[in-house]
There are 2 protein chains.
Amino acid sequence: MFTSKEMFTSKDVVTVNHEKLRQLTQRILCELGVPEKDAKTASYVLNESDLRGIDSHGMGRLKAYAKALRLGLINKAAEIKIVTDAGSILLIDGCNSLGIVTTPHIMQMCIDRARKAGVCVIGVVNTNHFGIAGYYPMMAAKQGMLGICFANTLPLAAPFGGKDRLIGSDPIGIAAPAGQYDDFVLDMATSSVAYGKLEIAMRRGDKIPTDWIIGPKGEVTDDPHDFGRGGALRSMAGPKGYGLSVMIEVFSSLLVGAGIGHEVGNAVLDEKRENIGIFMLAIDISKIRPLEDFKAHVDKYYEMVKGSGKAQGVKEIFLPGEIEAKITRQRMEKGIPLNEVVARDVLVVAESVGLCEEGETFEDLLARCGIGV
Amino acid sequence: MFTSKEMFTSKDVVTVNHEKLRQLTQRILCELGVPEKDAKTASYVLNESDLRGIDSHGMGRLKAYAKALRLGLINKAAEIKIVTDAGSILLIDGCNSLGIVTTPHIMQMCIDRARKAGVCVIGVVNTNHFGIAGYYPMMAAKQGMLGICFANTLPLAAPFGGKDRLIGSDPIGIAAPAGQYDDFVLDMATSSVAYGKLEIAMRRGDKIPTDWIIGPKGEVTDDPHDFGRGGALRSMAGPKGYGLSVMIEVFSSLLVGAGIGHEVGNAVLDEKRENIGIFMLAIDISKIRPLEDFKAHVDKYYEMVKGSGKAQGVKEIFLPGEIEAKITRQRMEKGIPLNEVVARDVLVVAESVGLCEEGETFEDLLARCGIGV
């Protein structure tokens, strides 16, 4: 989020084949001290985000990870410890590891356990930003399961009726496998709006809808600059979204004993370790009904929604994750466009680890790494 | 919902001790053909709703249950069948039973299984309206667990970008046990607004916020009458709430093979059986960390939020379920106020089963049942 300052309004400067971009990510993470195998795991998480068009959580976030690694706020080794293990419910100590390295392994463990028991819950304490929340339930959906993943985040939103930043943007990821259509994937923050949208409004001098943020005194405001003056994000949907955020924090943080409120740090903002928690759940659909029956039912639901009446001016209704799946197909074919902010940030990180020199372009960087555009 | 037509603007006509009201509910359900033991179970579910101030789902709904029972749309016997049982994940056939009778037993089974395995998921197919979604996770919270309950409902909301009523109001119930404070309870529909609020606006001739409903062509509208003209509710929070509703339907309906869209009936609206599904989850916190540690953490979180800065004009910030817990304490002490619509509806049902006669008051009814005010 905080690396994406001008991301939403700056122009694309380079388009890179997705696999080449992944290889570059792996290489840079290696140079930052992450073991190669782990850098590879992480590179797939970031690549998936860029493929799906969630540009704030892919290469756009590399700079933040690099800063946290460089400051020693994150353990470079992919260490985790099982704290409690009751078969289908576990507590895992993330050992302050890179979330994008260890969370995929933990989710796979959750899926494997659910294959045996039918359902598995894993709580992770002492961990860090794990990329897009949707990545993990998508792993479950690809393996014929329902998947859920929640995490708490640094406090950016005010409680309903409050004015202090105390509640996270607290993402929810939920996925379900479809048959012939794209898997359903819900991947969203429970705050009203992404910070990047505020940035756009500020740069343009636009007013914003009054349900986006509150001002420093908790007042209603349509001025995006009020966030920087001590305001806070609102939760989505007023008290409903606030209640949902609280419950996400209960499941991801309080259940496992992670940080809450200002106990949650951020490498970019306050140079403190994150101290967040993660909740994940996998459900083996085949223990309830035949997987093919379920998938056929999802397809029928998809067709019901797609075929229903559109509102004035709307050409197509989308199911959760469908737009991202379309973007993925486009970007797999045509490459991933990087805007000037992301490209510059990646070059800065690459330069800091000696992979390129000042004044070089993204193409130069790829060439130096032996990858090519 | 459809029994509460004038509920929100009509005055209270009688206040009844909560236990006496529960006994009356039990008696009326018995007279409607529900076995006494089952009528008792159901009476506690409805009573809890009235105690918590959710007047649309307590006695206010008795008329709808009575109609469904009388039309034979619901099986009066509290029959359920276990369809699949993998220990910590089960599919249960609700056998078209009264949801307020069988769901409490199924949730208790979920909690008992979670006590053994640490976690349990139960899907219920072929069932009916079960009262407030919060009732079931509250059962889990009282027993030291995290609880979740989702259900699908008849279609009232349009998909994001659509104009047809296709998506349910799809309630979410989530609860967690606190230590010295009230348990956290989130109990909400994922649609933008309760139908009752539209009713108030219509009666008053008020305009409504444009995020409540869409008009018959899917157009933006501030006229509450547009709902009756073929409009639809919006999901809460635009595409986010729509995505969440879709996922609630995946977990509650598609996972178990229940009805979707217009396959879901309603006794009051179309005299068809409901055919909904339920998803429930119980998590034994003590398998992750000592329950007392968790509760202390919830209390700390509570204090952090309560003690934080208030927005202009706000005296107190509430945690999810806190207002309802306060109302419960008030109503346990002072009785449950019934407004003229609910009181009249209950009298009509009581009269239909011979418990009272035309022209009699609520006090007369209680006296006839040997309960007293």
# chains A, B, ... in the order shown; residues from 1 in each chain; ligands from 1

$ residues_around --residues "B:Ala194" --least-positions-apart "5" --cutoff "10 Å" --atoms "only C-alpha atoms" --output "PyMOL selection string"
chain B and resi 1+56+169+188-189+199+212+233

$ write_last_selection --atoms "N, CA and C atoms" --output "PDB file, in the first residue's frame"
ATOM      1  N   MET B   1     -39.444 -10.679   8.475  1.00  0.00           N
ATOM      2  CA  MET B   1     -39.371  -9.449   7.697  1.00  0.00           C
ATOM      3  C   MET B   1     -40.726  -9.022   7.146  1.00  0.00           C
ATOM      4  N   SER B  56     -37.975  -7.973  14.661  1.00  0.00           N
ATOM      5  CA  SER B  56     -38.480  -8.572  13.423  1.00  0.00           C
ATOM      6  C   SER B  56     -38.357 -10.094  13.424  1.00  0.00           C
ATOM      7  N   SER B 169     -30.627 -11.977   1.331  1.00  0.00           N
ATOM      8  CA  SER B 169     -30.103 -11.028   2.321  1.00  0.00           C
ATOM      9  C   SER B 169     -29.027 -11.738   3.147  1.00  0.00           C
ATOM     10  N   MET B 188     -25.761 -10.031  11.198  1.00  0.00           N
ATOM     11  CA  MET B 188     -26.191  -9.029  10.205  1.00  0.00           C
ATOM     12  C   MET B 188     -26.516  -9.686   8.871  1.00  0.00           C
ATOM     13  N   ALA B 189     -27.398  -9.008   8.137  1.00  0.00           N
ATOM     14  CA  ALA B 189     -27.637  -9.384   6.752  1.00  0.00           C
ATOM     15  C   ALA B 189     -26.522  -8.770   5.910  1.00  0.00           C
ATOM     16  N   GLU B 199     -39.888   0.431   4.770  1.00  0.00           N
ATOM     17  CA  GLU B 199     -41.275   0.641   5.182  1.00  0.00           C
ATOM     18  C   GLU B 199     -41.447   1.962   5.916  1.00  0.00           C
ATOM     19  N   TRP B 212     -29.361   2.114  -0.822  1.00  0.00           N
ATOM     20  CA  TRP B 212     -30.266   1.124  -0.226  1.00  0.00           C
ATOM     21  C   TRP B 212     -30.852   0.164  -1.254  1.00  0.00           C
ATOM     22  N   LEU B 233     -33.160  -4.809  -3.371  1.00  0.00           N
ATOM     23  CA  LEU B 233     -32.175  -4.315  -2.411  1.00  0.00           C
ATOM     24  C   LEU B 233     -30.805  -4.311  -3.078  1.00  0.00           C
TER      25      LEU B 233
END

$ residues_around --residues "A:Ile285" --least-positions-apart "5" --cutoff "9 Å" --atoms "only C-alpha atoms" --output "PyMOL selection string"
(chain A and resi 118+144-146+290-291+294) or (chain B and resi 255)

$ write_last_selection --atoms "C-alpha atoms" --output "CSV table (one decimal), in the first residue's frame"
chain,number,residue,atom,x,y,z
A,118,GLY,CA,-12.4,-33.1,6.1
A,144,GLY,CA,-11.2,-29.2,-4.7
A,145,MET,CA,-11.7,-27.4,-1.4
A,146,LEU,CA,-13.3,-24.3,0.0
A,290,PRO,CA,-19.4,-35.3,-4.6
A,291,LEU,CA,-17.0,-32.6,-5.8
A,294,PHE,CA,-20.7,-29.1,-6.2
B,255,LEU,CA,-21.9,-26.7,-0.5

$ atom_distance --atom1 "atom CA of A:Val268" --atom2 "atom CA of A:Ser253"
21.1 Å

$ interface_residues --of "chain B" --to "chain A" --cutoff "6 Å" --atoms "only C-alpha atoms" --output "PyMOL selection string"
chain B and resi 89+91+118+161-164+217-218+236-237+243+288+309-312+317+320

$ write_last_selection --atoms "C-alpha atoms" --output "JSON list (two decimals), in the first residue's frame"
[["chain", "number", "residue", "atom", "x", "y", "z"],
["B", 89, "ILE", "CA", -17.58, -32.49, 8.96],
["B", 91, "LEU", "CA", -24.04, -33.03, 6.04],
["B", 118, "GLY", "CA", -11.07, -29.06, 17.84],
["B", 161, "GLY", "CA", -24.50, -4.35, -11.86],
["B", 162, "GLY", "CA", -27.76, -6.28, -12.15],
["B", 163, "LYS", "CA", -31.40, -5.39, -11.70],
["B", 164, "ASP", "CA", -33.11, -8.69, -10.85],
["B", 217, "LYS", "CA", -34.37, -0.93, -14.35],
["B", 218, "GLY", "CA", -31.44, -1.15, -12.00],
["B", 236, "MET", "CA", -24.02, -3.70, 1.50],
["B", 237, "ALA", "CA", -20.84, -1.89, 0.39],
["B", 243, "GLY", "CA", -19.08, -10.73, -3.31],
["B", 288, "ILE", "CA", -5.08, -23.15, 20.07],
["B", 309, "GLY", "CA", -11.29, 8.76, 20.74],
["B", 310, "LYS", "CA", -14.91, 9.37, 19.82],
["B", 311, "ALA", "CA", -16.07, 11.19, 16.73],
["B", 312, "GLN", "CA", -17.87, 14.51, 17.15],
["B", 317, "ILE", "CA", -18.26, 3.28, 20.86],
["B", 320, "PRO", "CA", -20.43, -6.02, 18.01]]

$ select_by_dssp --residues "stretch 36-127 of chain A" --states "strand (DSSP E)" --output "MDAnalysis selection string"
chainID A and resid 81:85 89:93 119:127

$ atom_distance --atom1 "atom CA of A:Gly231" --atom2 "atom CA of A:Leu154"
14.9 Å

$ select_by_dssp --residues "stretch 47-202 of chain A" --states "helix (DSSP H, G or I)" --output "ChimeraX atom specification"
/A:47-51,55-57,59-70,99-117,135-142,195-202

$ residues_around --residues "stretch 93-103 of chain A" --least-positions-apart "2" --cutoff "7 Å" --atoms "only C-alpha atoms" --output "list in words"
Asp38, Thr41, Ala42, Val45, Ile74, Asn75, Lys76, Ala77, Ala78, Glu79, Ile80, Lys81, Ile82, Val83, Leu91, His105, Ile106, Met107, Val124, Val125, Asn126, Thr127, Asn128, His129, Phe130 and Gly131 of chain A

$ decode --residues "stretch 248-265 of chain A" --atoms "C-alpha atoms" --output "compact mmCIF listing (two decimals), in the first residue's frame"
# COMPACT_ATOMS: atom_id res chain seq x y z
CA ILE A 248 -11.58 -10.72 11.41
CA GLU A 249 -9.25 -9.40 14.10
CA VAL A 250 -10.71 -11.85 16.64
CA PHE A 251 -10.08 -14.81 14.32
CA SER A 252 -6.69 -13.74 12.95
CA SER A 253 -5.14 -11.94 15.91
CA LEU A 254 -6.88 -12.67 19.23
CA LEU A 255 -7.31 -16.39 18.56
CA VAL A 256 -3.57 -16.82 18.06
CA GLY A 257 -2.28 -14.09 20.40
CA ALA A 258 -0.94 -11.66 17.79
CA GLY A 259 -0.72 -7.87 18.03
CA ILE A 260 -3.74 -5.57 18.03
CA GLY A 261 -4.09 -1.87 17.28
CA HIS A 262 -0.78 -0.07 17.60
CA GLU A 263 1.02 -3.28 18.56
CA VAL A 264 1.01 -4.00 14.82
CA GLY A 265 4.02 -2.44 13.14
